[in-house]
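Novice: Input: one structure, supplied below.
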Amino acid sequence: AAERGAMDRADDAGTAELQQFVLLAQSAKGAACAALVHQVLSHPKIYVFGELLAEANVRALAGTDHAGALRLLETFAYGSWASLGPEERAALEPAQAAKLKKLTIVSLCSGAHTLPYATAMEASGIPTVRELEDAVILLTYEGLLQARLDQRKKQIDVRYAFGRDVRPEDLPGLAAKLASWHATTVDLMACLDEKSKEYRAEKEEAKARREALQKRVDEIAEKIQKGDTQDLGLNLGGVADAAYDLDMPGGEDDPREGRVGAAHGRRPGRHRAGMVGGASRRAQAEPR
């Protein structure tokens, strides 16, 4: 349940909170719009920014005295800590700096199963292991990351990282990957369907064979109970031969007698069993 709650928070990632700022941006222009952008960047629950970036008044900040706000919003949407220069980093509010560092960690985790502490600290500008682990714990609590801290190996074992905003120019590539995934899925489903049909057919054949065998067994059992063994098709001599081969020295499985039997062109056990079977049949045929 806790994992499902984290996934729900990740799916939201502040979308509901962003909506009110998107509505305000439709009427805010210039300095007011830039101030609105900074409020969004400082908001503790908002980690998605695509809808705000799409607003005409926000895009209109480009080429004005407030273009820095638009660049900063694009960095939070698509970029990382390394995307900003030293002066831009210094100008960030503490809440904004912490959020951008966490977004950087999320981006690194989204492309790896394990992330070394050193790599994460260098990319996010986090100076100590303790601060890095605190950031990962916060991201996990907020549902943006599912990971385990391996303090012995000094690495982050990643299970899940939420998806950040996608640049418009990256959309065709993403669409191509989705189309490829869809085609692979369709082929796989067709293969599974074919295998399923083959399995069902084999199952039906096996069932029919079982039923036929059971029917034959029942018929033989019924005839034996009635004492009618004339038409059973049983070769008692052959049965005796097989039993003798398995149980007596000199049979198929006895290495001590195999060569002797082969030298005479027959196995001693089989000859003797035949004699026993033949004598038995002759005894039954002689009149009393």
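By order of appearance in the structure tokens: chains A, B, ..., then residues from 1 within every chain, and ligands from 1 in the order shown.
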Within 9 Å of region 162-177 of chain A, which residues of region 51-141 of chain A show up? Give each one with its shortest atom-to-atom distance in Å (one decimal) and the two atoms involved, counting only C-alpha atoms, rows by chain then rising residue number, as CSV.

Specialist:
residue,atom,partner,partner_atom,distance
A:Ala77,CA,A:Asp165,CA,5.6
A:Tyr78,CA,A:Asp165,CA,6.1
A:Leu103,CA,A:Arg164,CA,8.3
A:Val106,CA,A:Phe162,CA,7.2
A:Ser107,CA,A:Arg164,CA,7.6
A:Ser110,CA,A:Phe162,CA,7.3

Novice: Choose the residue, out of A:Glu55, A:Leu70, A:Gln20, A:Leu84, that has the smallest atom-to-atom separation from Ala35 (chain A); count only C-alpha atoms.

Specialist: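 Checking each of A:Glu55, A:Leu70, A:Gln20, A:Leu84 against Ala35 (chain A), counting only C-alpha atoms, the winner is A:Leu70.
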
Novice: Could you give me, as an MDAnalysis selection string, the residues within 6 Å of Gly14 (chain A), counting only C-alpha atoms and dropping anything in the same chain fewer than 2 positions from it?

Specialist: chainID A and resid 12 16:17 45:47

Novice: Grab the CA of Val22 (chain A) to CA of Thr140 (chain A) distance for me, in Å with one decimal place.

Specialist: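 About the pair CA of Val22 (chain A) and CA of Thr140 (chain A): they are 26.8 Å apart.
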
Novice: Could you pull out all residues of region 149-236 of chain A with a DSSP call of strand (DSSP E or B) and give them as JSON, numbers by chain?

Specialist: {"A": [149, 150, 155, 156, 157, 158, 159, 160, 161]}

Novice: Dump C-alpha atoms for the selected residues as an mmCIF file, in the first residue's frame?

Specialist:
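Output contents, as saved in part.cif:
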data_model
loop_
_atom_site.group_PDB
_atom_site.id
_atom_site.type_symbol
_atom_site.label_atom_id
_atom_site.label_comp_id
_atom_site.auth_asym_id
_atom_site.auth_seq_id
_atom_site.Cartn_x
_atom_site.Cartn_y
_atom_site.Cartn_z
ATOM 1 C CA LEU A 149 20.865 3.176 -0.290
ATOM 2 C CA ASP A 150 23.753 0.715 -0.302
ATOM 3 C CA GLN A 155 25.732 3.423 -4.424
ATOM 4 C CA ILE A 156 22.018 3.968 -5.016
ATOM 5 C CA ASP A 157 20.134 0.857 -6.177
ATOM 6 C CA VAL A 158 17.323 2.185 -8.364
ATOM 7 C CA ARG A 159 13.943 0.536 -8.868
ATOM 8 C CA TYR A 160 11.941 3.425 -10.298
ATOM 9 C CA ALA A 161 12.337 7.105 -11.162
#
